[in-house]
Amino acid sequence: MLFAAHSGLRFLVLLAGLFVVLYALVGFFGKREYSTAMGRLAAVFTGLLHLQVLTGVAVLFTRPFYNSIIGHLFLMLLAAAVAQLTSSVVKRRPQEEKTYGPHLVGAVVALGLVAAGILAIGRGVLQSTM
């Protein structure tokens with residue numbers, strides 16, 4: 001059950017990350033004033049990524065361990081750290097200094113790390129494991 005939850009949650013993480021990237025692209029290139037919706041979207045993405053890491057750690061205790069899991073785990077932890085760092089940095093800025101750029105870069109980097117982590121265990125990014 002944990003493995004199925006972990007595998008399925010991946011699609012929510014990817015979808016939330018895609019929403020963050022798209023919203024940040026529109027805001028950045030449209031030269032729009034920073035919206036609190038951007039912060040909320042980034043928080044959802046970060047929260048889902050943290051939940052994914054937690055379910056992944058739980059899966060480690062229920063499934064056989066193999067060497068490629070080390071790379072997968074490292075890349076996923078790094079992706080969660082990048083997403084968290086981006087949200088934290090922007091949140092601490094005064095409202096007039098907040099921009100879409102950090103969210104755009106942070107989400108793209110985090111999604112790239114997630115994709116690399118999935119590929120590290122020999123699965124396709126959008127491949128169903130069921």
# chains A, B, ... in the order shown; residues from 1 in each chain; ligands from 1

$ residues_around --residues "stretch 76-84 of chain A" --least-positions-apart "3" --cutoff "9 Å" --atoms "only C-alpha atoms" --output "list of chain:residue names"
A:Ala42, A:Ala43, A:Phe45, A:Thr46, A:Gly47, A:Leu49, A:His50, A:Gln52, A:Val53, A:Gly71, A:His72, A:Leu73, A:Ser87, A:Ser88, A:Val89, A:His103, A:Gly106, A:Ala107, A:Val109, A:Ala110, A:Leu111, A:Gly112, A:Leu113, A:Val114, A:Ala116, A:Gly117, A:Ile118

$ residues_around --residues "A:Val59" --least-positions-apart "3" --cutoff "10 Å" --atoms "only C-alpha atoms" --output "ChimeraX atom specification"
/A:1-6,53-56,62-65

$ atom_distance --atom1 "atom CA of A:Phe11" --atom2 "atom CA of A:Gly30"
27.9 Å

$ closest_residue --among "A:Lys98, A:Ser35, A:Phe61, A:Val44" --to "A:Leu12" --atoms "only C-alpha atoms"
A:Val44

$ decode --residues "stretch 73-87 of chain A" --atoms "all heavy atoms" --output "compact mmCIF listing (two decimals), in the first residue's frame"
# COMPACT_ATOMS: atom_id res chain seq x y z
N LEU A 73 17.18 8.35 -3.55
CA LEU A 73 16.94 9.03 -2.28
C LEU A 73 17.68 10.36 -2.20
O LEU A 73 17.11 11.39 -1.82
CB LEU A 73 17.35 8.13 -1.10
CG LEU A 73 17.15 8.67 0.29
CD1 LEU A 73 15.68 8.95 0.55
CD2 LEU A 73 17.69 7.69 1.32
N PHE A 74 18.94 10.37 -2.61
CA PHE A 74 19.74 11.59 -2.58
C PHE A 74 19.12 12.67 -3.48
O PHE A 74 18.98 13.83 -3.07
CB PHE A 74 21.18 11.30 -3.02
CG PHE A 74 22.04 12.52 -3.10
CD1 PHE A 74 22.51 13.14 -1.95
CD2 PHE A 74 22.37 13.07 -4.33
CE1 PHE A 74 23.30 14.28 -2.03
CE2 PHE A 74 23.15 14.21 -4.42
CZ PHE A 74 23.61 14.81 -3.27
N LEU A 75 18.73 12.29 -4.69
CA LEU A 75 18.16 13.27 -5.62
C LEU A 75 16.81 13.80 -5.13
O LEU A 75 16.51 14.99 -5.28
CB LEU A 75 18.02 12.64 -7.01
CG LEU A 75 19.34 12.43 -7.75
CD1 LEU A 75 19.16 11.50 -8.94
CD2 LEU A 75 19.93 13.75 -8.19
N MET A 76 16.01 12.94 -4.53
CA MET A 76 14.70 13.38 -4.03
C MET A 76 14.85 14.30 -2.82
O MET A 76 14.12 15.29 -2.69
CB MET A 76 13.82 12.18 -3.68
CG MET A 76 13.43 11.37 -4.88
SD MET A 76 12.58 12.40 -6.10
CE MET A 76 12.47 11.28 -7.44
N LEU A 77 15.78 13.98 -1.93
CA LEU A 77 16.04 14.87 -0.80
C LEU A 77 16.54 16.23 -1.28
O LEU A 77 16.15 17.28 -0.75
CB LEU A 77 17.04 14.24 0.17
CG LEU A 77 16.52 13.08 1.01
CD1 LEU A 77 17.68 12.41 1.75
CD2 LEU A 77 15.46 13.56 1.99
N LEU A 78 17.38 16.21 -2.29
CA LEU A 78 17.90 17.45 -2.86
C LEU A 78 16.77 18.26 -3.51
O LEU A 78 16.71 19.49 -3.35
CB LEU A 78 19.01 17.14 -3.86
CG LEU A 78 19.90 18.28 -4.31
CD1 LEU A 78 20.55 18.98 -3.13
CD2 LEU A 78 20.96 17.76 -5.26
N ALA A 79 15.86 17.60 -4.20
CA ALA A 79 14.72 18.28 -4.82
C ALA A 79 13.85 18.94 -3.76
O ALA A 79 13.42 20.10 -3.91
CB ALA A 79 13.89 17.29 -5.65
N ALA A 80 13.58 18.22 -2.67
CA ALA A 80 12.77 18.78 -1.57
C ALA A 80 13.48 19.98 -0.94
O ALA A 80 12.85 20.98 -0.60
CB ALA A 80 12.48 17.71 -0.53
N ALA A 81 14.80 19.88 -0.80
CA ALA A 81 15.56 20.98 -0.22
C ALA A 81 15.53 22.22 -1.12
O ALA A 81 15.37 23.35 -0.63
CB ALA A 81 17.01 20.55 0.02
N VAL A 82 15.65 22.02 -2.42
CA VAL A 82 15.60 23.15 -3.36
C VAL A 82 14.23 23.82 -3.31
O VAL A 82 14.14 25.06 -3.26
CB VAL A 82 15.93 22.68 -4.81
CG1 VAL A 82 15.56 23.74 -5.83
CG2 VAL A 82 17.39 22.30 -4.92
N ALA A 83 13.17 23.03 -3.32
CA ALA A 83 11.81 23.60 -3.26
C ALA A 83 11.60 24.36 -1.96
O ALA A 83 11.05 25.46 -1.95
CB ALA A 83 10.78 22.49 -3.41
N GLN A 84 12.06 23.79 -0.85
CA GLN A 84 11.90 24.45 0.45
C GLN A 84 12.71 25.72 0.52
O GLN A 84 12.23 26.75 1.00
CB GLN A 84 12.30 23.50 1.58
CG GLN A 84 12.13 24.10 2.96
CD GLN A 84 10.68 24.42 3.26
OE1 GLN A 84 9.83 23.56 3.15
NE2 GLN A 84 10.39 25.65 3.63
N LEU A 85 13.93 25.67 0.06
CA LEU A 85 14.81 26.84 0.09
C LEU A 85 14.21 27.98 -0.73
O LEU A 85 14.21 29.13 -0.29
CB LEU A 85 16.20 26.47 -0.43
CG LEU A 85 17.24 27.58 -0.41
CD1 LEU A 85 17.55 27.97 1.03
CD2 LEU A 85 18.50 27.13 -1.10
N THR A 86 13.70 27.66 -1.91
CA THR A 86 13.09 28.68 -2.76
C THR A 86 11.92 29.35 -2.06
O THR A 86 11.83 30.58 -2.00
CB THR A 86 12.61 28.05 -4.08
OG1 THR A 86 13.72 27.44 -4.74
CG2 THR A 86 12.01 29.09 -5.00
N SER A 87 11.02 28.55 -1.51
CA SER A 87 9.85 29.11 -0.82
C SER A 87 10.27 29.94 0.39
O SER A 87 9.72 31.02 0.64
CB SER A 87 8.91 27.99 -0.37
OG SER A 87 8.27 27.43 -1.48
